[in-house]
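To start, the structure itself, in structure tokens.
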2 protein chains.
Amino acid sequence: MTLRYFALGLLAQQPMSGYDMKQFLENLDWLISTPSFGSLYPNLHALLKDELVTVNVMRNGDNPPRKVYSITDAGHEALQDWINEPFDPDASLRGFLMRLMLANNLSRADLIDCLQQRRSQVAAHQLQLKEEKFSIDNEEDDSSALSKSLAHEYGLAVAKAELAWLDRKLQELSSTTRH
Amino acid sequence: MTLRYFALGLLAQQPMSGYDMKQFLENLDWLISTPSFGSLYPNLHALLKDELVTVNVMRNGDNPPRKVYSITDAGHEALQDWINEPFDPDASLRGFLMRLMLANNLSRADLIDCLQQRRSQVAAHQLQLKEEKFSIDNEEDDSSALSKSLAHEYGLAVAKAELAWLDRKLQELSSTTRH
DNA sequence: GGCGCCATGTAAACCGTTACATGATTCA
DNA sequence: TGAATCATGTAACGGTTTACATGGCGCC
């Protein structure tokens, strides 16, 4: 369900074909490993069937015709619904980044909401990590303490950086006048 | 294939039942969303069939008997092989954290290797991000620049924190005398 | 009386990847 | 000659979640 709406969100930025979309996503390979055509095309077909997008078949010389998809009004609504529903804390970073990439579709208030949602998730995360790390460090007998500690330390370092970024961004958003 | 070896790695720390394992993983839910019984049990069955683990069925009063799994010598070998083979850059943070959690099974040198592998991946990541961000910031015409920038900034903040942690840890490991 | 814990297990559904097919064109 | 780009699509396979089943015991 996540690729479906992410694709829809990309179409909200601008109409494009499945091939275009793949190209585009390959450039941001670092976050969300690029979906394959095998999942991309069927997802676009499904969006079409549900009338969240329309196609415009453009002949392309000798090459196979390009099918350029555009989002419909129903599509915009569906996208809003998806963006506004709270995202899984466990799908975590990836799910959040997807939403960040679709931030154009958000009002300033909704964007702030989104960041705050993430903030509270990461903060909860961090608290749990701290507690666990404390109890691990105090069971000196445990031979596996090293590895547990390592992962926890890493998690804490990342959480700290995330929180710092989120706080900075939230402050920027609340202080700057509207674009 | 990743749950298979992660489960094996946990059994290398100490013998446990499938139920125990789930409990244990639920506590570290923050990193690796806990696998369900539906995938956990079949994986354990497969490990057993391949003779990488053995079972010890312990009757448990009126409750269903507990099946406590222990790793075999062949299991230890298989685990080493898996740990030593390079991990996917795209499975990324999660795959790396799994290995960190199994750090007990690594020699100091192998642990350093593992961290360095991650370091170079994250550094490559970061470089790509910086380049992309640069080109995005310079196409002022693009209406979707905001969202693209946001995701990139976030990625960079996390990458920076990861690199800092990795460097610190690598230094600790190289300076400290062996445990 | 219903819910949750203990503890195992299986089948169906889900969503993704891998690998294939088409077919013309351009580059080494 | 062989490979890559363009552009779409389908089928098989893989691993996971979801949802179910069993069955006794304790809690409110």
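Each chain of the structure tokens is named A, B, ... in the order shown, its residues numbered from 1; ligands are numbered from 1 in display order.
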Expected answer as number ranges by chain: chain B residues within 9 Å of chain D, only C-alpha atoms (C1' of nucleotides) | B: 1, 35-36, 38-39, 62-64
Tell me the residues of chain C close to chain B, meaning within 9 Å using only C-alpha atoms (C1' of nucleotides), as a PyMOL selection string.
-> chain C and resi 6-10
After superposing chain A onto chain B (least squares, all C-alpha atoms, pairing by order), export the transformed chain as a short mmCIF file (atom, residue, chain, number, x, y, z; two decimals) with N, CA and C atoms, in the first residue's frame.
```
data_model
loop_
_atom_site.label_atom_id
_atom_site.label_comp_id
_atom_site.auth_asym_id
_atom_site.auth_seq_id
_atom_site.Cartn_x
_atom_site.Cartn_y
_atom_site.Cartn_z
N MET A 1 15.67 -14.28 3.95
CA MET A 1 16.97 -14.84 4.36
C MET A 1 17.55 -14.10 5.57
N THR A 2 17.03 -12.94 5.84
CA THR A 2 17.65 -12.15 6.87
C THR A 2 17.19 -12.58 8.27
N LEU A 3 15.90 -12.92 8.38
CA LEU A 3 15.40 -13.39 9.67
C LEU A 3 16.06 -14.71 10.05
N ARG A 4 16.21 -15.56 9.05
CA ARG A 4 16.85 -16.86 9.25
C ARG A 4 18.16 -16.72 10.01
N TYR A 5 19.02 -15.85 9.52
CA TYR A 5 20.35 -15.74 10.12
C TYR A 5 20.35 -14.91 11.39
N PHE A 6 19.41 -14.00 11.46
CA PHE A 6 19.32 -13.23 12.69
C PHE A 6 18.88 -14.14 13.83
N ALA A 7 17.92 -15.01 13.56
CA ALA A 7 17.48 -15.98 14.55
C ALA A 7 18.65 -16.89 14.95
N LEU A 8 19.37 -17.33 13.96
CA LEU A 8 20.52 -18.19 14.22
C LEU A 8 21.52 -17.46 15.13
N GLY A 9 21.71 -16.20 14.85
CA GLY A 9 22.64 -15.40 15.65
C GLY A 9 22.19 -15.27 17.10
N LEU A 10 20.90 -15.16 17.29
CA LEU A 10 20.38 -15.07 18.66
C LEU A 10 20.61 -16.39 19.39
N LEU A 11 20.44 -17.47 18.67
CA LEU A 11 20.67 -18.79 19.28
C LEU A 11 22.14 -19.00 19.60
N ALA A 12 23.00 -18.27 18.89
CA ALA A 12 24.43 -18.36 19.18
C ALA A 12 24.74 -17.70 20.53
N GLN A 13 23.92 -16.72 20.91
CA GLN A 13 24.11 -16.09 22.22
C GLN A 13 23.68 -17.03 23.33
N GLN A 14 22.49 -17.62 23.13
CA GLN A 14 22.00 -18.58 24.11
C GLN A 14 20.83 -19.36 23.54
N PRO A 15 20.70 -20.63 23.95
CA PRO A 15 19.58 -21.45 23.49
C PRO A 15 18.26 -20.83 23.94
N MET A 16 17.27 -20.91 23.10
CA MET A 16 15.96 -20.39 23.48
C MET A 16 14.88 -20.97 22.61
N SER A 17 13.64 -20.81 23.04
CA SER A 17 12.50 -21.29 22.25
C SER A 17 12.02 -20.17 21.34
N GLY A 18 11.14 -20.50 20.41
CA GLY A 18 10.58 -19.50 19.52
C GLY A 18 9.86 -18.42 20.31
N TYR A 19 9.17 -18.87 21.33
CA TYR A 19 8.41 -17.93 22.15
C TYR A 19 9.35 -16.97 22.87
N ASP A 20 10.40 -17.52 23.44
CA ASP A 20 11.41 -16.68 24.10
C ASP A 20 11.94 -15.61 23.15
N MET A 21 12.22 -16.07 21.94
CA MET A 21 12.83 -15.19 20.95
C MET A 21 11.90 -14.02 20.65
N LYS A 22 10.65 -14.32 20.49
CA LYS A 22 9.67 -13.26 20.22
C LYS A 22 9.67 -12.26 21.36
N GLN A 23 9.62 -12.75 22.57
CA GLN A 23 9.65 -11.88 23.76
C GLN A 23 10.86 -10.96 23.70
N PHE A 24 11.99 -11.60 23.45
CA PHE A 24 13.24 -10.88 23.42
C PHE A 24 13.22 -9.77 22.37
N LEU A 25 12.73 -10.12 21.19
CA LEU A 25 12.72 -9.15 20.10
C LEU A 25 11.71 -8.04 20.32
N GLU A 26 10.66 -8.35 21.04
CA GLU A 26 9.67 -7.32 21.29
C GLU A 26 10.28 -6.19 22.11
N ASN A 27 11.29 -6.52 22.88
CA ASN A 27 11.95 -5.50 23.68
C ASN A 27 12.81 -4.56 22.84
N LEU A 28 13.25 -5.06 21.68
CA LEU A 28 14.03 -4.16 20.82
C LEU A 28 13.24 -3.80 19.58
N ASP A 29 12.00 -3.56 19.81
CA ASP A 29 11.06 -3.29 18.75
C ASP A 29 11.43 -2.04 17.95
N TRP A 30 12.17 -1.18 18.56
CA TRP A 30 12.50 0.11 17.95
C TRP A 30 13.26 -0.02 16.64
N LEU A 31 14.11 -1.08 16.52
CA LEU A 31 14.91 -1.19 15.31
C LEU A 31 14.29 -2.06 14.25
N ILE A 32 14.08 -3.26 14.65
CA ILE A 32 13.68 -4.29 13.71
C ILE A 32 12.32 -4.76 14.11
N SER A 33 11.30 -4.24 13.43
CA SER A 33 9.96 -4.58 13.88
C SER A 33 9.87 -6.09 14.07
N THR A 34 9.40 -6.48 15.21
CA THR A 34 9.37 -7.88 15.63
C THR A 34 8.71 -8.79 14.60
N PRO A 35 9.37 -9.86 14.25
CA PRO A 35 8.74 -10.81 13.32
C PRO A 35 7.58 -11.51 14.02
N SER A 36 6.62 -11.94 13.24
CA SER A 36 5.47 -12.65 13.79
C SER A 36 5.80 -14.13 13.94
N PHE A 37 5.01 -14.80 14.74
CA PHE A 37 5.18 -16.25 14.88
C PHE A 37 5.07 -16.95 13.53
N GLY A 38 4.22 -16.39 12.70
CA GLY A 38 3.99 -16.97 11.39
C GLY A 38 5.25 -17.05 10.53
N SER A 39 6.22 -16.22 10.81
CA SER A 39 7.48 -16.33 10.07
C SER A 39 8.58 -16.91 10.95
N LEU A 40 8.46 -16.67 12.26
CA LEU A 40 9.49 -17.15 13.17
C LEU A 40 9.53 -18.68 13.24
N TYR A 41 8.40 -19.29 13.49
CA TYR A 41 8.37 -20.74 13.64
C TYR A 41 8.84 -21.46 12.38
N PRO A 42 8.28 -21.14 11.22
CA PRO A 42 8.76 -21.80 10.00
C PRO A 42 10.27 -21.64 9.80
N ASN A 43 10.81 -20.48 10.14
CA ASN A 43 12.25 -20.27 10.01
C ASN A 43 13.03 -21.21 10.93
N LEU A 44 12.54 -21.38 12.15
CA LEU A 44 13.21 -22.29 13.08
C LEU A 44 13.13 -23.73 12.56
N HIS A 45 11.96 -24.09 12.00
CA HIS A 45 11.83 -25.43 11.43
C HIS A 45 12.86 -25.66 10.34
N ALA A 46 13.04 -24.62 9.51
CA ALA A 46 13.98 -24.74 8.40
C ALA A 46 15.42 -24.89 8.93
N LEU A 47 15.75 -24.11 9.95
CA LEU A 47 17.09 -24.22 10.54
C LEU A 47 17.32 -25.63 11.08
N LEU A 48 16.26 -26.17 11.67
CA LEU A 48 16.35 -27.52 12.23
C LEU A 48 16.58 -28.54 11.12
N LYS A 49 15.80 -28.40 10.06
CA LYS A 49 15.89 -29.32 8.93
C LYS A 49 17.29 -29.28 8.32
N ASP A 50 17.87 -28.09 8.30
CA ASP A 50 19.22 -27.94 7.73
C ASP A 50 20.32 -28.28 8.74
N GLU A 51 19.89 -28.71 9.91
CA GLU A 51 20.82 -29.14 10.96
C GLU A 51 21.77 -28.03 11.43
N LEU A 52 21.28 -26.80 11.36
CA LEU A 52 22.06 -25.69 11.91
C LEU A 52 21.72 -25.49 13.39
N VAL A 53 20.61 -26.09 13.82
CA VAL A 53 20.22 -26.07 15.23
C VAL A 53 19.67 -27.45 15.63
N THR A 54 19.59 -27.66 16.92
CA THR A 54 18.93 -28.86 17.44
C THR A 54 17.82 -28.43 18.39
N VAL A 55 16.88 -29.33 18.63
CA VAL A 55 15.80 -29.00 19.57
C VAL A 55 15.94 -29.82 20.82
N ASN A 56 15.43 -29.25 21.88
CA ASN A 56 15.32 -29.94 23.14
C ASN A 56 13.91 -29.68 23.65
N VAL A 57 13.07 -30.70 23.54
CA VAL A 57 11.67 -30.50 23.94
C VAL A 57 11.55 -30.65 25.45
N MET A 58 11.10 -29.60 26.10
CA MET A 58 10.99 -29.64 27.55
C MET A 58 9.54 -29.53 27.96
N ARG A 59 9.08 -30.56 28.67
CA ARG A 59 7.68 -30.50 29.06
C ARG A 59 7.51 -29.41 30.11
N ASN A 60 6.33 -28.86 30.11
CA ASN A 60 6.12 -27.60 30.80
C ASN A 60 4.81 -27.64 31.56
N GLY A 61 4.68 -28.68 32.42
CA GLY A 61 3.45 -28.79 33.20
C GLY A 61 2.26 -28.99 32.29
N ASP A 62 1.23 -28.24 32.51
CA ASP A 62 0.03 -28.35 31.68
C ASP A 62 0.15 -27.56 30.39
N ASN A 63 1.08 -26.60 30.38
CA ASN A 63 1.26 -25.79 29.18
C ASN A 63 1.87 -26.64 28.08
N PRO A 64 1.71 -26.21 26.84
CA PRO A 64 2.36 -26.95 25.74
C PRO A 64 3.86 -26.97 25.98
N PRO A 65 4.50 -28.06 25.58
CA PRO A 65 5.94 -28.20 25.83
C PRO A 65 6.74 -27.12 25.11
N ARG A 66 7.81 -26.68 25.74
CA ARG A 66 8.69 -25.69 25.14
C ARG A 66 9.73 -26.38 24.28
N LYS A 67 9.96 -25.84 23.09
CA LYS A 67 10.99 -26.40 22.21
C LYS A 67 12.18 -25.46 22.22
N VAL A 68 13.18 -25.87 22.98
CA VAL A 68 14.35 -25.01 23.12
C VAL A 68 15.40 -25.36 22.06
N TYR A 69 15.73 -24.38 21.24
CA TYR A 69 16.68 -24.61 20.16
C TYR A 69 18.09 -24.21 20.56
N SER A 70 19.06 -25.01 20.10
CA SER A 70 20.48 -24.68 20.33
C SER A 70 21.22 -24.73 19.01
N ILE A 71 22.20 -23.89 18.87
CA ILE A 71 22.97 -23.85 17.63
C ILE A 71 23.96 -25.01 17.58
N THR A 72 24.21 -25.53 16.39
CA THR A 72 25.19 -26.61 16.20
C THR A 72 26.49 -26.05 15.65
N ASP A 73 27.49 -26.90 15.49
CA ASP A 73 28.75 -26.45 14.91
C ASP A 73 28.53 -25.96 13.48
N ALA A 74 27.75 -26.73 12.72
CA ALA A 74 27.43 -26.32 11.35
C ALA A 74 26.73 -24.96 11.38
N GLY A 75 25.91 -24.75 12.38
CA GLY A 75 25.21 -23.48 12.53
C GLY A 75 26.17 -22.34 12.74
N HIS A 76 27.16 -22.56 13.60
CA HIS A 76 28.17 -21.53 13.83
C HIS A 76 28.90 -21.16 12.55
N GLU A 77 29.23 -22.19 11.77
CA GLU A 77 29.91 -21.94 10.50
C GLU A 77 29.04 -21.11 9.56
N ALA A 78 27.80 -21.54 9.43
CA ALA A 78 26.87 -20.84 8.53
C ALA A 78 26.71 -19.39 8.95
N LEU A 79 26.66 -19.19 10.25
CA LEU A 79 26.50 -17.83 10.78
C LEU A 79 27.72 -16.97 10.43
N GLN A 80 28.91 -17.55 10.64
CA GLN A 80 30.13 -16.83 10.30
C GLN A 80 30.13 -16.42 8.83
N ASP A 81 29.77 -17.39 7.98
CA ASP A 81 29.73 -17.10 6.55
C ASP A 81 28.82 -15.92 6.25
N TRP A 82 27.67 -15.94 6.86
CA TRP A 82 26.70 -14.88 6.60
C TRP A 82 27.20 -13.54 7.10
N ILE A 83 27.76 -13.56 8.31
CA ILE A 83 28.24 -12.31 8.89
C ILE A 83 29.38 -11.72 8.07
N ASN A 84 30.21 -12.60 7.52
CA ASN A 84 31.37 -12.12 6.79
C ASN A 84 31.06 -11.65 5.38
N GLU A 85 29.95 -12.10 4.83
CA GLU A 85 29.66 -11.63 3.48
C GLU A 85 29.13 -10.20 3.57
N PRO A 86 29.54 -9.37 2.61
CA PRO A 86 29.19 -7.95 2.70
C PRO A 86 27.68 -7.75 2.68
N PHE A 87 27.20 -6.83 3.46
CA PHE A 87 25.75 -6.61 3.50
C PHE A 87 25.33 -5.54 2.50
N ASP A 88 24.10 -5.69 2.04
CA ASP A 88 23.52 -4.74 1.09
C ASP A 88 23.57 -3.32 1.61
N PRO A 89 24.02 -2.40 0.78
CA PRO A 89 23.93 -1.01 1.20
C PRO A 89 22.47 -0.54 1.29
N ASP A 90 21.60 -1.13 0.51
CA ASP A 90 20.23 -0.63 0.48
C ASP A 90 19.41 -1.12 1.66
N ALA A 91 19.64 -2.36 2.09
CA ALA A 91 18.93 -2.84 3.26
C ALA A 91 19.36 -1.98 4.45
N SER A 92 20.52 -1.42 4.28
CA SER A 92 21.01 -0.29 5.03
C SER A 92 20.92 -0.40 6.54
N LEU A 93 20.50 0.64 7.17
CA LEU A 93 20.54 0.76 8.61
C LEU A 93 20.08 -0.50 9.31
N ARG A 94 18.97 -1.03 8.87
CA ARG A 94 18.40 -2.18 9.53
C ARG A 94 19.33 -3.40 9.49
N GLY A 95 19.82 -3.67 8.30
CA GLY A 95 20.71 -4.80 8.15
C GLY A 95 21.97 -4.64 8.97
N PHE A 96 22.45 -3.43 9.00
CA PHE A 96 23.66 -3.14 9.78
C PHE A 96 23.41 -3.32 11.27
N LEU A 97 22.28 -2.82 11.74
CA LEU A 97 21.96 -2.95 13.16
C LEU A 97 21.83 -4.40 13.58
N MET A 98 21.24 -5.20 12.71
CA MET A 98 21.15 -6.63 13.01
C MET A 98 22.54 -7.20 13.27
N ARG A 99 23.45 -6.85 12.39
CA ARG A 99 24.81 -7.36 12.56
C ARG A 99 25.44 -6.82 13.83
N LEU A 100 25.18 -5.57 14.12
CA LEU A 100 25.71 -4.99 15.36
C LEU A 100 25.23 -5.78 16.57
N MET A 101 23.97 -6.19 16.51
CA MET A 101 23.41 -6.91 17.65
C MET A 101 24.01 -8.29 17.82
N LEU A 102 24.62 -8.76 16.76
CA LEU A 102 25.26 -10.07 16.83
C LEU A 102 26.77 -9.93 16.99
N ALA A 103 27.22 -8.77 17.42
CA ALA A 103 28.65 -8.47 17.47
C ALA A 103 29.43 -9.42 18.39
N ASN A 104 28.73 -10.07 19.30
CA ASN A 104 29.41 -11.03 20.17
C ASN A 104 30.08 -12.13 19.38
N ASN A 105 29.48 -12.44 18.23
CA ASN A 105 30.01 -13.54 17.43
C ASN A 105 31.19 -13.11 16.59
N LEU A 106 31.56 -11.84 16.69
CA LEU A 106 32.64 -11.32 15.86
C LEU A 106 33.91 -11.15 16.66
N SER A 107 35.02 -11.41 15.99
CA SER A 107 36.30 -11.06 16.58
C SER A 107 36.42 -9.54 16.50
N ARG A 108 37.36 -9.00 17.24
CA ARG A 108 37.55 -7.55 17.23
C ARG A 108 37.85 -7.05 15.81
N ALA A 109 38.68 -7.80 15.10
CA ALA A 109 39.04 -7.40 13.73
C ALA A 109 37.81 -7.40 12.82
N ASP A 110 36.97 -8.43 12.98
CA ASP A 110 35.77 -8.52 12.14
C ASP A 110 34.79 -7.40 12.46
N LEU A 111 34.72 -7.06 13.72
CA LEU A 111 33.84 -5.96 14.11
C LEU A 111 34.30 -4.66 13.47
N ILE A 112 35.60 -4.44 13.52
CA ILE A 112 36.16 -3.24 12.89
C ILE A 112 35.85 -3.24 11.39
N ASP A 113 36.03 -4.39 10.75
CA ASP A 113 35.67 -4.54 9.35
C ASP A 113 34.25 -4.11 9.09
N CYS A 114 33.36 -4.62 9.93
CA CYS A 114 31.93 -4.37 9.78
C CYS A 114 31.64 -2.88 9.87
N LEU A 115 32.22 -2.24 10.86
CA LEU A 115 32.00 -0.80 11.03
C LEU A 115 32.57 -0.02 9.85
N GLN A 116 33.73 -0.48 9.38
CA GLN A 116 34.34 0.24 8.27
C GLN A 116 33.53 0.09 6.99
N GLN A 117 32.97 -1.10 6.83
CA GLN A 117 32.12 -1.34 5.68
C GLN A 117 30.96 -0.34 5.70
N ARG A 118 30.33 -0.26 6.85
CA ARG A 118 29.22 0.69 6.99
C ARG A 118 29.69 2.11 6.75
N ARG A 119 30.85 2.42 7.30
CA ARG A 119 31.38 3.78 7.17
C ARG A 119 31.51 4.18 5.72
N SER A 120 32.07 3.28 4.93
CA SER A 120 32.29 3.65 3.53
C SER A 120 30.96 3.76 2.79
N GLN A 121 29.99 2.92 3.17
CA GLN A 121 28.68 3.02 2.54
C GLN A 121 28.02 4.35 2.85
N VAL A 122 28.05 4.72 4.13
CA VAL A 122 27.41 5.97 4.52
C VAL A 122 28.11 7.15 3.89
N ALA A 123 29.45 7.06 3.81
CA ALA A 123 30.21 8.16 3.20
C ALA A 123 29.84 8.33 1.73
N ALA A 124 29.69 7.21 1.04
CA ALA A 124 29.31 7.27 -0.38
C ALA A 124 27.94 7.91 -0.53
N HIS A 125 27.03 7.42 0.26
CA HIS A 125 25.70 7.99 0.46
C HIS A 125 25.73 9.50 0.56
N GLN A 126 26.51 9.92 1.53
CA GLN A 126 26.58 11.34 1.89
C GLN A 126 27.08 12.18 0.71
N LEU A 127 28.07 11.64 0.03
CA LEU A 127 28.64 12.35 -1.11
C LEU A 127 27.58 12.55 -2.18
N GLN A 128 26.86 11.46 -2.46
CA GLN A 128 25.82 11.51 -3.47
C GLN A 128 24.76 12.54 -3.09
N LEU A 129 24.39 12.50 -1.82
CA LEU A 129 23.39 13.44 -1.32
C LEU A 129 23.83 14.88 -1.52
N LYS A 130 25.08 15.13 -1.18
CA LYS A 130 25.58 16.50 -1.30
C LYS A 130 25.53 16.98 -2.73
N GLU A 131 25.97 16.11 -3.65
CA GLU A 131 25.96 16.48 -5.06
C GLU A 131 24.55 16.77 -5.55
N GLU A 132 23.64 15.88 -5.18
CA GLU A 132 22.26 16.05 -5.63
C GLU A 132 21.65 17.32 -5.06
N LYS A 133 21.92 17.54 -3.79
CA LYS A 133 21.35 18.72 -3.14
C LYS A 133 21.86 19.98 -3.83
N PHE A 134 23.12 19.96 -4.19
CA PHE A 134 23.70 21.10 -4.89
C PHE A 134 22.96 21.38 -6.18
N SER A 135 22.73 20.32 -6.96
CA SER A 135 22.07 20.54 -8.25
C SER A 135 20.60 20.93 -8.07
N ILE A 136 19.98 20.41 -7.02
CA ILE A 136 18.59 20.79 -6.76
C ILE A 136 18.50 22.27 -6.40
N ASP A 137 19.37 22.68 -5.49
CA ASP A 137 19.33 24.06 -5.03
C ASP A 137 19.61 25.05 -6.15
N ASN A 138 20.28 24.58 -7.22
CA ASN A 138 20.60 25.47 -8.31
C ASN A 138 19.56 25.52 -9.43
N GLU A 139 18.60 24.59 -9.41
CA GLU A 139 17.48 24.72 -10.34
C GLU A 139 16.38 25.47 -9.61
N GLU A 140 16.45 26.82 -9.62
CA GLU A 140 15.48 27.58 -8.84
C GLU A 140 14.07 27.47 -9.40
N ASP A 141 13.99 27.14 -10.70
CA ASP A 141 12.68 27.10 -11.35
C ASP A 141 11.78 26.01 -10.80
N ASP A 142 12.39 24.96 -10.30
CA ASP A 142 11.61 23.78 -9.93
C ASP A 142 10.70 24.05 -8.73
N SER A 143 9.43 23.82 -8.94
CA SER A 143 8.46 24.11 -7.89
C SER A 143 8.54 23.06 -6.78
N SER A 144 9.13 21.92 -7.08
CA SER A 144 9.17 20.85 -6.09
C SER A 144 10.49 20.87 -5.32
N ALA A 145 11.23 21.95 -5.45
CA ALA A 145 12.55 22.02 -4.83
C ALA A 145 12.47 21.86 -3.31
N LEU A 146 11.44 22.43 -2.72
CA LEU A 146 11.31 22.36 -1.26
C LEU A 146 11.36 20.94 -0.75
N SER A 147 10.47 20.09 -1.29
CA SER A 147 10.38 18.74 -0.75
C SER A 147 11.66 17.96 -1.00
N LYS A 148 12.22 18.13 -2.19
CA LYS A 148 13.46 17.42 -2.47
C LYS A 148 14.54 17.84 -1.48
N SER A 149 14.62 19.13 -1.26
CA SER A 149 15.62 19.65 -0.33
C SER A 149 15.42 19.10 1.07
N LEU A 150 14.18 19.06 1.53
CA LEU A 150 13.88 18.59 2.87
C LEU A 150 14.41 17.19 3.10
N ALA A 151 14.04 16.29 2.21
CA ALA A 151 14.46 14.90 2.37
C ALA A 151 15.98 14.80 2.36
N HIS A 152 16.60 15.56 1.47
CA HIS A 152 18.05 15.53 1.39
C HIS A 152 18.71 16.05 2.65
N GLU A 153 18.17 17.13 3.17
CA GLU A 153 18.71 17.69 4.41
C GLU A 153 18.64 16.66 5.54
N TYR A 154 17.49 16.02 5.60
CA TYR A 154 17.29 15.01 6.64
C TYR A 154 18.31 13.89 6.50
N GLY A 155 18.42 13.42 5.29
CA GLY A 155 19.37 12.35 5.01
C GLY A 155 20.79 12.74 5.40
N LEU A 156 21.14 13.97 5.10
CA LEU A 156 22.49 14.45 5.43
C LEU A 156 22.71 14.53 6.93
N ALA A 157 21.68 14.98 7.64
CA ALA A 157 21.81 15.10 9.09
C ALA A 157 22.03 13.73 9.72
N VAL A 158 21.27 12.76 9.24
CA VAL A 158 21.42 11.41 9.77
C VAL A 158 22.79 10.82 9.41
N ALA A 159 23.18 11.02 8.16
CA ALA A 159 24.48 10.49 7.70
C ALA A 159 25.62 11.07 8.53
N LYS A 160 25.53 12.34 8.79
CA LYS A 160 26.58 13.01 9.56
C LYS A 160 26.70 12.39 10.95
N ALA A 161 25.55 12.16 11.57
CA ALA A 161 25.55 11.57 12.91
C ALA A 161 26.11 10.16 12.89
N GLU A 162 25.73 9.41 11.85
CA GLU A 162 26.23 8.04 11.74
C GLU A 162 27.74 8.02 11.60
N LEU A 163 28.24 8.88 10.73
CA LEU A 163 29.68 8.92 10.50
C LEU A 163 30.43 9.29 11.78
N ALA A 164 29.90 10.25 12.50
CA ALA A 164 30.55 10.68 13.73
C ALA A 164 30.62 9.52 14.72
N TRP A 165 29.51 8.81 14.85
CA TRP A 165 29.49 7.69 15.78
C TRP A 165 30.47 6.61 15.36
N LEU A 166 30.44 6.29 14.07
CA LEU A 166 31.31 5.24 13.55
C LEU A 166 32.77 5.58 13.76
N ASP A 167 33.12 6.82 13.49
CA ASP A 167 34.52 7.23 13.65
C ASP A 167 34.95 7.14 15.10
N ARG A 168 34.06 7.56 15.97
CA ARG A 168 34.40 7.52 17.39
C ARG A 168 34.61 6.08 17.84
N LYS A 169 33.70 5.23 17.41
CA LYS A 169 33.75 3.82 17.81
C LYS A 169 35.00 3.14 17.24
N LEU A 170 35.30 3.45 16.01
CA LEU A 170 36.47 2.84 15.38
C LEU A 170 37.74 3.24 16.10
N GLN A 171 37.77 4.48 16.52
CA GLN A 171 38.94 4.96 17.24
C GLN A 171 39.06 4.25 18.60
N GLU A 172 37.93 4.14 19.29
CA GLU A 172 37.92 3.43 20.56
C GLU A 172 38.45 2.01 20.41
N LEU A 173 37.96 1.37 19.36
CA LEU A 173 38.34 -0.03 19.14
C LEU A 173 39.81 -0.20 18.82
N SER A 174 40.36 0.78 18.12
CA SER A 174 41.76 0.63 17.73
C SER A 174 42.71 1.05 18.85
N SER A 175 42.22 1.89 19.76
CA SER A 175 43.12 2.37 20.82
C SER A 175 43.07 1.49 22.07
N THR A 176 41.88 0.97 22.38
CA THR A 176 41.73 0.15 23.57
C THR A 176 42.50 -1.15 23.43
N THR A 177 43.04 -1.63 24.54
CA THR A 177 43.66 -2.95 24.50
C THR A 177 42.57 -4.00 24.47
N ARG A 178 42.93 -5.14 23.93
CA ARG A 178 41.92 -6.18 23.76
C ARG A 178 41.33 -6.55 25.11
N HIS A 179 40.01 -6.80 25.08
CA HIS A 179 39.24 -7.17 26.27
C HIS A 179 39.84 -8.38 26.96
#
```
Among chain A, which residues carry a DSSP assignment of strand (DSSP E or B), reported as a count of residues only?
-> 19
Using DSSP on the backbone coordinates, identify the residues of chain A assigned to alpha helix (DSSP H); present them as number ranges by chain.
-> A: 2-13, 18-27, 37-49, 73-84, 92-101, 108-138, 145-175
